[in-house]
>>> print(open('work_31.tsv').read())   # TSV, C-alpha atoms
chain	number	residue	atom	x	y	z
A	27	MET	CA	99.21	25.74	24.80
A	28	SER	CA	96.25	28.07	25.11
A	29	THR	CA	95.64	31.45	26.62
A	30	CYS	CA	96.64	31.48	30.26
A	31	LYS	CA	94.09	29.97	32.65
A	32	ARG	CA	96.48	29.42	35.55
A	33	ARG	CA	96.53	31.52	38.66
A	34	PRO	CA	99.50	33.88	39.00
A	35	GLN	CA	102.41	32.51	41.04
A	36	THR	CA	102.70	34.58	44.21
A	37	GLN	CA	105.96	36.20	45.28
A	38	THR	CA	107.43	36.18	48.76
A	39	PRO	CA	106.27	39.47	50.31
A	40	THR	CA	108.94	42.02	51.15
A	41	PRO	CA	109.31	43.03	54.81
A	42	ASN	CA	108.64	46.50	56.17
A	43	GLU	CA	111.93	48.36	56.06
A	44	ASP	CA	113.33	50.70	58.69
A	45	ASP	CA	116.83	52.02	59.34
A	46	GLY	CA	117.48	49.34	61.94
A	47	LEU	CA	116.73	46.49	59.54
A	48	LEU	CA	118.73	48.03	56.70
A	49	GLN	CA	121.84	48.73	58.78
A	50	THR	CA	121.75	45.30	60.42
A	51	LYS	CA	121.42	43.49	57.10
A	52	LEU	CA	124.17	45.56	55.48
A	53	ARG	CA	126.54	44.70	58.33
A	54	GLU	CA	125.63	41.02	57.98
A	55	PHE	CA	126.17	41.29	54.21
A	56	ASP	CA	129.69	42.68	54.66
A	57	ALA	CA	130.55	40.12	57.33
A	58	THR	CA	129.36	37.25	55.13
A	59	LEU	CA	131.21	38.61	52.09
A	60	ASN	CA	134.43	38.94	54.11
A	61	LYS	CA	134.26	35.29	55.16
A	62	LEU	CA	134.34	34.09	51.57
A	63	PRO	CA	137.53	33.37	49.61
A	64	THR	CA	138.77	36.59	48.05
A	65	SER	CA	137.18	37.34	44.69
A	66	THR	CA	139.48	39.32	42.41
A	67	ASN	CA	136.53	40.86	40.59
A	68	VAL	CA	134.68	41.86	43.77
A	69	SER	CA	137.89	43.38	45.17
A	70	LYS	CA	138.48	45.35	41.97
A	71	ALA	CA	134.87	46.51	41.95
A	72	MET	CA	135.23	47.70	45.54
A	73	SER	CA	138.27	49.81	44.68
A	74	ASP	CA	137.53	50.94	41.12
A	75	CYS	CA	133.82	50.85	40.30
A	76	PRO	CA	131.59	53.86	41.02
A	77	ASP	CA	128.55	51.55	41.09
A	78	TYR	CA	129.87	49.68	44.16
A	79	SER	CA	128.12	51.01	47.26
A	80	ASP	CA	125.84	50.11	50.16
A	81	ALA	CA	122.95	51.17	47.93
A	82	MET	CA	123.98	48.51	45.44
A	83	LYS	CA	124.24	45.85	48.17
A	84	LEU	CA	120.74	46.82	49.30
A	85	VAL	CA	119.39	46.05	45.83
A	86	PHE	CA	120.75	42.51	46.18
A	87	LEU	CA	119.30	42.17	49.67
A	88	ARG	CA	115.88	43.26	48.45
A	89	CYS	CA	116.07	40.84	45.55
A	90	GLU	CA	116.59	37.96	47.99
A	91	VAL	CA	114.05	39.34	50.49
A	92	PHE	CA	116.90	40.03	52.98
A	93	ASN	CA	118.26	36.49	52.98
A	94	VAL	CA	121.88	37.55	53.43
A	95	GLU	CA	123.51	34.28	52.31
A	96	LEU	CA	121.58	34.26	49.04
A	97	ALA	CA	122.18	37.98	48.46
A	98	VAL	CA	125.94	37.63	48.89
A	99	ARG	CA	126.04	34.55	46.65
A	100	ARG	CA	124.22	36.46	43.92
A	101	PHE	CA	126.47	39.51	44.45
A	102	VAL	CA	129.65	37.49	43.87
A	103	ALA	CA	128.16	35.73	40.84
A	104	TYR	CA	127.07	39.12	39.50
A	105	TRP	CA	130.60	40.55	39.47
A	106	GLU	CA	132.04	37.43	37.87
A	107	THR	CA	129.42	37.55	35.12
A	108	ARG	CA	129.63	41.33	34.69
A	109	VAL	CA	133.32	40.90	33.80
A	110	GLU	CA	132.41	38.15	31.30
A	111	VAL	CA	129.76	40.34	29.65
A	112	PHE	CA	131.53	43.72	29.65
A	113	GLY	CA	135.22	42.81	29.74
A	114	GLU	CA	137.52	45.76	30.44
A	115	HIS	CA	134.52	48.07	30.83
A	116	ALA	CA	132.96	46.02	33.66
A	117	PHE	CA	134.21	48.38	36.36
A	118	SER	CA	132.89	51.54	34.70
A	119	SER	CA	129.47	52.90	35.60
A	120	LEU	CA	127.15	50.58	33.71
A	121	LEU	CA	124.46	53.10	32.88
A	122	GLY	CA	127.20	55.52	31.93
A	123	LEU	CA	128.30	53.02	29.29
A	124	ALA	CA	124.80	52.24	28.11
A	125	ASN	CA	123.93	55.21	25.96
A	126	ASP	CA	127.30	55.08	24.20
A	127	ASP	CA	126.88	51.38	23.38
A	128	HIS	CA	125.40	51.96	19.95
A	129	GLU	CA	124.85	48.32	18.95
A	130	ALA	CA	123.02	47.52	22.20
A	131	MET	CA	120.96	50.70	21.86
A	132	LYS	CA	120.06	50.05	18.23
A	133	CYS	CA	118.97	46.44	18.66
A	134	LYS	CA	116.07	47.25	21.04
A	135	TYR	CA	116.18	43.64	22.22
A	136	THR	CA	114.90	44.70	25.62
A	137	GLN	CA	113.20	47.93	26.63
A	138	VAL	CA	111.66	49.29	29.82
A	139	ALA	CA	108.22	50.89	29.76
A	140	GLU	CA	107.57	54.54	30.46
A	141	ARG	CA	105.63	53.59	33.58
A	142	CYS	CA	105.43	50.84	36.17
A	143	ASP	CA	102.33	48.75	36.79
A	144	GLU	CA	100.06	49.55	39.72
A	145	ALA	CA	102.04	47.22	42.03
A	146	GLY	CA	105.23	49.17	41.33
A	147	ARG	CA	106.81	46.55	39.07
A	148	ALA	CA	108.74	47.60	35.98
A	149	ILE	CA	107.30	46.44	32.66
A	150	LEU	CA	109.85	45.19	30.14
A	151	LEU	CA	109.56	44.14	26.52
A	152	LEU	CA	111.74	41.30	25.26
A	153	ASP	CA	111.64	41.40	21.46
A	154	TYR	CA	112.90	38.19	19.87
A	155	HIS	CA	112.57	39.76	16.43
A	156	SER	CA	116.02	41.20	17.12
A	157	GLU	CA	117.50	37.70	17.04
A	158	GLY	CA	116.75	37.59	13.33
A	159	GLY	CA	118.98	40.61	12.70
A	160	ASN	CA	122.74	41.03	12.43
A	161	PHE	CA	123.29	42.03	16.04
A	162	SER	CA	125.85	40.07	18.02
A	163	ASP	CA	124.82	37.86	20.91
A	164	THR	CA	126.95	39.97	23.24
A	165	ALA	CA	125.17	43.18	22.21
A	166	LEU	CA	121.76	41.60	22.83
A	167	LEU	CA	122.88	40.35	26.24
A	168	ARG	CA	124.31	43.76	27.14
A	169	SER	CA	120.93	45.25	26.21
A	170	CYS	CA	119.29	43.00	28.82
A	171	TRP	CA	121.76	44.08	31.49
A	172	TYR	CA	121.34	47.77	30.71
A	173	THR	CA	117.55	47.55	30.67
A	174	ILE	CA	117.31	45.75	34.00
A	175	HIS	CA	119.76	48.15	35.65
A	176	SER	CA	117.75	51.07	34.31
A	177	ALA	CA	114.54	49.59	35.76
A	178	LEU	CA	116.21	48.99	39.14
A	179	ARG	CA	116.72	52.70	39.71
A	180	GLU	CA	113.15	52.66	41.05
A	181	GLU	CA	112.95	51.46	44.66
A	182	SER	CA	109.57	49.83	44.02
A	183	VAL	CA	111.17	47.69	41.30
A	184	GLN	CA	113.92	46.57	43.67
A	185	LYS	CA	111.19	45.34	46.01
A	186	LYS	CA	108.47	44.16	43.63
A	187	GLY	CA	110.47	43.12	40.57
A	188	ILE	CA	109.64	43.10	36.87
A	189	VAL	CA	107.10	41.72	34.47
A	190	ILE	CA	108.16	40.91	30.91
A	191	TYR	CA	106.14	40.96	27.72
A	192	VAL	CA	107.62	38.67	25.07
A	193	ARG	CA	107.37	39.25	21.33
A	194	THR	CA	108.19	35.87	19.84
A	195	LEU	CA	110.62	34.88	17.10
A	196	GLN	CA	109.70	35.53	13.50
A	197	SER	CA	111.25	32.18	12.53
A	198	ILE	CA	112.32	29.21	14.62
A	199	MET	CA	115.59	29.30	12.64
A	200	ASP	CA	116.40	32.65	14.30
A	201	TRP	CA	116.48	31.22	17.83
A	202	ARG	CA	119.87	31.66	19.49
A	203	VAL	CA	119.96	28.93	22.10
A	204	GLY	CA	123.22	30.05	23.70
A	205	LEU	CA	121.94	33.61	24.08
A	206	CYS	CA	118.69	32.32	25.58
A	207	LYS	CA	120.66	30.35	28.19
A	208	ASN	CA	122.76	33.41	29.06
A	209	VAL	CA	119.72	35.70	29.42
A	210	ILE	CA	117.94	33.17	31.63
A	211	SER	CA	121.07	32.62	33.71
A	212	SER	CA	121.43	36.36	34.22
A	213	VAL	CA	117.87	36.74	35.48
A	214	LYS	CA	117.82	33.49	37.43
A	215	GLY	CA	120.91	33.84	39.58
A	216	THR	CA	123.01	36.87	38.70
A	217	LEU	CA	121.17	40.16	38.23
A	218	PRO	CA	119.49	41.47	41.40
A	219	VAL	CA	115.96	41.34	40.04
A	220	ARG	CA	112.77	39.50	40.95
A	221	LEU	CA	110.78	38.08	38.03
A	222	ALA	CA	107.07	38.39	38.77
A	223	GLY	CA	105.85	37.11	35.42
A	224	CYS	CA	106.77	36.53	31.79
A	225	HIS	CA	103.90	37.04	29.35
A	226	VAL	CA	104.27	35.55	25.88
A	227	ILE	CA	101.93	37.18	23.37
A	228	ASP	CA	100.37	35.25	20.47
A	229	PRO	CA	103.09	32.64	19.93
A	230	PRO	CA	102.60	30.55	16.78
A	231	LEU	CA	102.14	26.83	17.35
A	232	ILE	CA	105.54	26.02	15.87
A	233	LEU	CA	107.24	27.95	18.70
A	234	HIS	CA	105.52	26.17	21.59
A	235	GLY	CA	108.40	23.70	21.74
A	236	VAL	CA	110.86	26.58	22.09
A	237	ILE	CA	108.78	27.99	24.95
A	238	SER	CA	108.74	24.62	26.70
A	239	LEU	CA	112.53	24.30	26.41
A	240	SER	CA	112.99	27.84	27.69
A	241	LYS	CA	110.81	27.07	30.72
A	242	LYS	CA	112.96	24.03	31.50
A	243	MET	CA	116.07	26.23	31.37
A	244	MET	CA	114.42	28.61	33.81
A	245	GLY	CA	113.81	25.88	36.36
A	246	LYS	CA	110.62	24.86	38.12
A	247	LYS	CA	110.06	28.06	40.12
A	248	LEU	CA	110.56	30.62	37.35
A	249	GLY	CA	109.17	28.36	34.65
A	250	LYS	CA	105.80	28.48	36.42
A	251	ARG	CA	105.82	32.26	35.91
A	252	VAL	CA	105.67	31.98	32.12
A	253	TYR	CA	102.18	32.59	30.76
A	254	ILE	CA	100.79	32.53	27.22
A	255	HIS	CA	98.12	34.96	26.03
A	256	SER	CA	96.47	34.47	22.64
A	257	GLY	CA	93.38	35.52	20.72
A	258	SER	CA	91.65	38.85	20.23
A	259	LEU	CA	92.80	41.99	22.01
A	260	ASP	CA	89.85	41.77	24.41
A	261	LYS	CA	90.60	38.14	25.15
A	262	LYS	CA	94.26	38.85	25.85
A	263	LEU	CA	93.45	41.80	28.10
A	264	LYS	CA	91.01	39.65	30.05
A	265	SER	CA	93.72	37.02	30.47
A	266	LEU	CA	96.26	39.65	31.53
A	267	SER	CA	93.83	41.17	34.04
A	268	LYS	CA	94.70	38.34	36.45
A	269	PHE	CA	98.16	39.90	36.67
A	270	GLY	CA	97.13	43.54	37.01
A	271	LEU	CA	97.88	44.19	33.32
A	272	GLY	CA	94.41	44.03	31.83
A	273	ARG	CA	94.15	47.60	30.52
A	274	VAL	CA	95.07	48.86	27.09
A	275	ASP	CA	97.36	51.50	28.63
A	276	MET	CA	99.33	48.66	30.28
A	277	TYR	CA	99.64	46.76	26.99
A	278	PRO	CA	102.53	47.53	24.58
A	279	ILE	CA	101.97	49.54	21.44
A	280	VAL	CA	103.74	46.82	19.41
A	281	PHE	CA	100.84	44.47	20.24
A	282	GLY	CA	98.09	47.04	19.62
A	283	GLY	CA	98.00	48.65	23.06
A	284	GLN	CA	98.97	52.09	24.29
A	285	LEU	CA	102.02	51.42	26.50
A	286	GLY	CA	105.16	53.12	25.24
A	287	PHE	CA	108.77	52.28	26.03
A	288	LYS	CA	111.78	54.45	26.75
A	289	SER	CA	114.15	55.17	23.88
A	290	SER	CA	117.25	55.30	26.09
A	291	TYR	CA	118.53	53.83	29.34
>>> encode(input="work_31.tsv", output="structure tokens")
Amino acid sequence: MSTCKRRPQTQTPTPNEDDGLLQTKLREFDATLNKLPTSTNVSKAMSDCPDYSDAMKLVFLRCEVFNVELAVRRFVAYWETRVEVFGEHAFSSLLGLANDDHEAMKCKYTQVAERCDEAGRAILLLDYHSEGGNFSDTALLRSCWYTIHSALREESVQKKGIVIYVRTLQSIMDWRVGLCKNVISSVKGTLPVRLAGCHVIDPPLILHGVISLSKKMMGKKLGKRVYIHSGSLDKKLKSLSKFGLGRVDMYPIVFGGQLGFKSSY
């Protein structure tokens, strides 16, 4: 695999929003949700969780470009998975939990940048070096959930999505396949986030097989949004310029750029 020469995969454009569209889609969302078999976790979220609101439903609608059926399906899957990931704390405010979750904070498995790109997408860093440490799989997965929820506080991110820089494993022996599957599953069909692109920086040849397997787990659509960038800094920035990321201030410090990342959620 060489430095990316493919054209960026385009996203479905988001519609112009007005109060009429939003209210209509929220009513359709509730009506569709009410037709489904009762979900214990959704019902408990409705009664107990401070995160549950029309604003939250709107994030799911934006993720699915106002396809109500898909938004509701993702919403139900989200609450089922949130309980699996956070257990008894699933119905607390998630970002309220985040900064007290010391293991997830310390691992820095995922981080959100101090600024969005020019399209309004959040820039995330996924650092596989953390998989070589003593952090639990559950803490690393919780880090992903916290980071994406933090990014989604921006309306532009709800509409435009995220781009991810990937710092690859230090050793192929560190790869946690089960964790990889859970992270991909969360992004693919659970968390209300649109993945615009995943940019793998300078992967060694021995890890190309891992990247290929990860792309297969992602499925055809998302797998096409994985791009590899290798070579000198200038060469990588030129490659990244196709995605609106070709400036040193949009390139993470950890790779020799100037883009910093937030230290908390």
>>> atom_distance(input="work_31.tsv", atom1="atom CA of Ser156 of chain A", atom2="atom CA of Leu195 of chain A")
8.3 Å
>>> closest_residue(input="work_31.tsv", among="A:Glu106, A:Asp74, A:Asp80, A:Glu54", to="Phe92 of chain A", atoms="only C-alpha atoms")
A:Glu54
>>> atom_distance(input="work_31.tsv", atom1="atom CA of Leu263 of chain A", atom2="atom CA of Tyr172 of chain A")
28.6 Å
>>> residues_around(input="work_31.tsv", residues="His155 of chain A", least_positions_apart="3", cutoff="12 Å", atoms="all atoms listed in the file", output="ChimeraX atom specification")
/A:133-136,151-152,158-161,166,192-202,280
>>> atom_distance(input="work_31.tsv", atom1="atom CA of Ile174 of chain A", atom2="atom CA of Leu150 of chain A")
8.4 Å
>>> closest_residue(input="work_31.tsv", among="A:Trp105, A:Phe112, A:Phe86, A:Tyr78", to="Ser169 of chain A", atoms="all atoms listed in the file")
A:Phe112
>>> residues_around(input="work_31.tsv", residues="Val183 of chain A", least_positions_apart="4", cutoff="12 Å", atoms="all atoms listed in the file", output="VMD selection string")
chain A and resid 40 85 to 86 88 to 89 138 141 to 150 174 to 179 187 to 189 218 to 222
>>> closest_residue(input="work_31.tsv", among="A:Leu87, A:Val102, A:Leu248, A:Val94", to="Pro63 of chain A", atoms="all atoms listed in the file")
A:Val102
>>> closest_residue(input="work_31.tsv", among="A:Gly257, A:Pro278, A:Gly215, A:Gly245", to="Pro229 of chain A", atoms="only C-alpha atoms")
A:Gly257
>>> residues_around(input="work_31.tsv", residues="His115 of chain A", least_positions_apart="5", cutoff="12 Å", atoms="only C-alpha atoms", output="ChimeraX atom specification")
/A:71,74-75,108-110,120-124,127,168
>>> residues_near_point(input="work_31.tsv", point="(113.8, 33.5, 27.7)", cutoff="6 Å", atoms="only C-alpha atoms", output="number ranges by chain")
A: 206, 210, 240
>>> residues_around(input="work_31.tsv", residues="Gly249 of chain A", least_positions_apart="2", cutoff="12 Å", atoms="only C-alpha atoms", output="list in words")
Pro34, Gln35, Ile210, Lys214, Leu221, Ala222, Gly223, Cys224, His225, Ile237, Ser238, Leu239, Ser240, Lys241, Lys242, Met243, Met244, Gly245, Lys246, Lys247, Arg251, Val252, Tyr253 and Ile254 of chain A
>>> closest_residue(input="work_31.tsv", among="A:Leu96, A:Gly286, A:Glu129, A:Ala139", to="Leu59 of chain A", atoms="only C-alpha atoms")
A:Leu96
>>> build_atoms(input="work_31.tsv", residues="segment 232-243 of chain A", atoms="all heavy atoms", output="mmCIF file, keeping the file's coordinate frame")
data_model
loop_
_atom_site.group_PDB
_atom_site.id
_atom_site.type_symbol
_atom_site.label_atom_id
_atom_site.label_comp_id
_atom_site.auth_asym_id
_atom_site.auth_seq_id
_atom_site.Cartn_x
_atom_site.Cartn_y
_atom_site.Cartn_z
ATOM 1 N N ILE A 232 104.226 26.603 16.126
ATOM 2 C CA ILE A 232 105.540 26.020 15.870
ATOM 3 C C ILE A 232 106.564 26.411 16.934
ATOM 4 O O ILE A 232 107.580 25.735 17.110
ATOM 5 C CB ILE A 232 106.056 26.455 14.460
ATOM 6 C CG1 ILE A 232 107.227 25.566 14.038
ATOM 7 C CG2 ILE A 232 106.435 27.918 14.443
ATOM 8 C CD1 ILE A 232 107.656 25.767 12.598
ATOM 9 N N LEU A 233 106.303 27.493 17.686
ATOM 10 C CA LEU A 233 107.240 27.950 18.700
ATOM 11 C C LEU A 233 106.930 27.428 20.098
ATOM 12 O O LEU A 233 107.659 27.721 21.044
ATOM 13 C CB LEU A 233 107.290 29.485 18.735
ATOM 14 C CG LEU A 233 107.860 30.160 17.487
ATOM 15 C CD1 LEU A 233 107.857 31.672 17.659
ATOM 16 C CD2 LEU A 233 109.274 29.674 17.185
ATOM 17 N N HIS A 234 105.868 26.668 20.256
ATOM 18 C CA HIS A 234 105.520 26.170 21.590
ATOM 19 C C HIS A 234 106.609 25.254 22.164
ATOM 20 O O HIS A 234 106.829 25.217 23.368
ATOM 21 C CB HIS A 234 104.169 25.455 21.547
ATOM 22 C CG HIS A 234 103.028 26.413 21.462
ATOM 23 N ND1 HIS A 234 101.713 26.003 21.553
ATOM 24 C CD2 HIS A 234 102.979 27.755 21.294
ATOM 25 C CE1 HIS A 234 100.912 27.060 21.442
ATOM 26 N NE2 HIS A 234 101.663 28.124 21.276
ATOM 27 N N GLY A 235 107.297 24.530 21.277
ATOM 28 C CA GLY A 235 108.400 23.700 21.740
ATOM 29 C C GLY A 235 109.548 24.539 22.276
ATOM 30 O O GLY A 235 110.185 24.179 23.276
ATOM 31 N N VAL A 236 109.822 25.667 21.626
ATOM 32 C CA VAL A 236 110.860 26.580 22.090
ATOM 33 C C VAL A 236 110.500 27.129 23.472
ATOM 34 O O VAL A 236 111.357 27.225 24.364
ATOM 35 C CB VAL A 236 111.047 27.745 21.084
ATOM 36 C CG1 VAL A 236 111.943 28.839 21.666
ATOM 37 C CG2 VAL A 236 111.632 27.223 19.776
ATOM 38 N N ILE A 237 109.230 27.466 23.652
ATOM 39 C CA ILE A 237 108.780 27.990 24.950
ATOM 40 C C ILE A 237 108.946 26.930 26.028
ATOM 41 O O ILE A 237 109.410 27.220 27.132
ATOM 42 C CB ILE A 237 107.318 28.463 24.845
ATOM 43 C CG1 ILE A 237 107.212 29.632 23.868
ATOM 44 C CG2 ILE A 237 106.784 28.876 26.222
ATOM 45 C CD1 ILE A 237 105.785 29.996 23.492
ATOM 46 N N SER A 238 108.593 25.696 25.715
ATOM 47 C CA SER A 238 108.740 24.620 26.700
ATOM 48 C C SER A 238 110.196 24.407 27.091
ATOM 49 O O SER A 238 110.516 24.229 28.273
ATOM 50 C CB SER A 238 108.173 23.303 26.130
ATOM 51 O OG SER A 238 106.772 23.405 25.940
ATOM 52 N N LEU A 239 111.107 24.445 26.112
ATOM 53 C CA LEU A 239 112.530 24.300 26.410
ATOM 54 C C LEU A 239 113.033 25.466 27.250
ATOM 55 O O LEU A 239 113.833 25.289 28.182
ATOM 56 C CB LEU A 239 113.330 24.198 25.111
ATOM 57 C CG LEU A 239 113.244 22.856 24.367
ATOM 58 C CD1 LEU A 239 113.939 22.958 23.013
ATOM 59 C CD2 LEU A 239 113.869 21.744 25.195
ATOM 60 N N SER A 240 112.571 26.663 26.931
ATOM 61 C CA SER A 240 112.990 27.840 27.690
ATOM 62 C C SER A 240 112.528 27.737 29.147
ATOM 63 O O SER A 240 113.274 28.088 30.072
ATOM 64 C CB SER A 240 112.420 29.116 27.059
ATOM 65 O OG SER A 240 112.918 29.287 25.743
ATOM 66 N N LYS A 241 111.326 27.240 29.360
ATOM 67 C CA LYS A 241 110.810 27.070 30.720
ATOM 68 C C LYS A 241 111.648 26.064 31.503
ATOM 69 O O LYS A 241 111.916 26.241 32.694
ATOM 70 C CB LYS A 241 109.344 26.639 30.682
ATOM 71 C CG LYS A 241 108.397 27.736 30.225
ATOM 72 C CD LYS A 241 106.990 27.228 30.004
ATOM 73 C CE LYS A 241 106.316 26.791 31.276
ATOM 74 N NZ LYS A 241 104.902 26.425 31.049
ATOM 75 N N LYS A 242 112.102 25.001 30.838
ATOM 76 C CA LYS A 242 112.960 24.030 31.500
ATOM 77 C C LYS A 242 114.289 24.661 31.901
ATOM 78 O O LYS A 242 114.835 24.377 32.976
ATOM 79 C CB LYS A 242 113.193 22.824 30.588
ATOM 80 C CG LYS A 242 111.970 21.933 30.432
ATOM 81 C CD LYS A 242 112.260 20.744 29.532
ATOM 82 C CE LYS A 242 111.020 19.866 29.382
ATOM 83 N NZ LYS A 242 111.275 18.714 28.479
ATOM 84 N N MET A 243 114.835 25.520 31.038
ATOM 85 C CA MET A 243 116.070 26.230 31.370
ATOM 86 C C MET A 243 115.881 27.141 32.580
ATOM 87 O O MET A 243 116.800 27.330 33.384
ATOM 88 C CB MET A 243 116.534 27.090 30.180
ATOM 89 C CG MET A 243 116.986 26.341 28.959
ATOM 90 S SD MET A 243 117.491 27.527 27.672
ATOM 91 C CE MET A 243 117.416 26.496 26.210
#
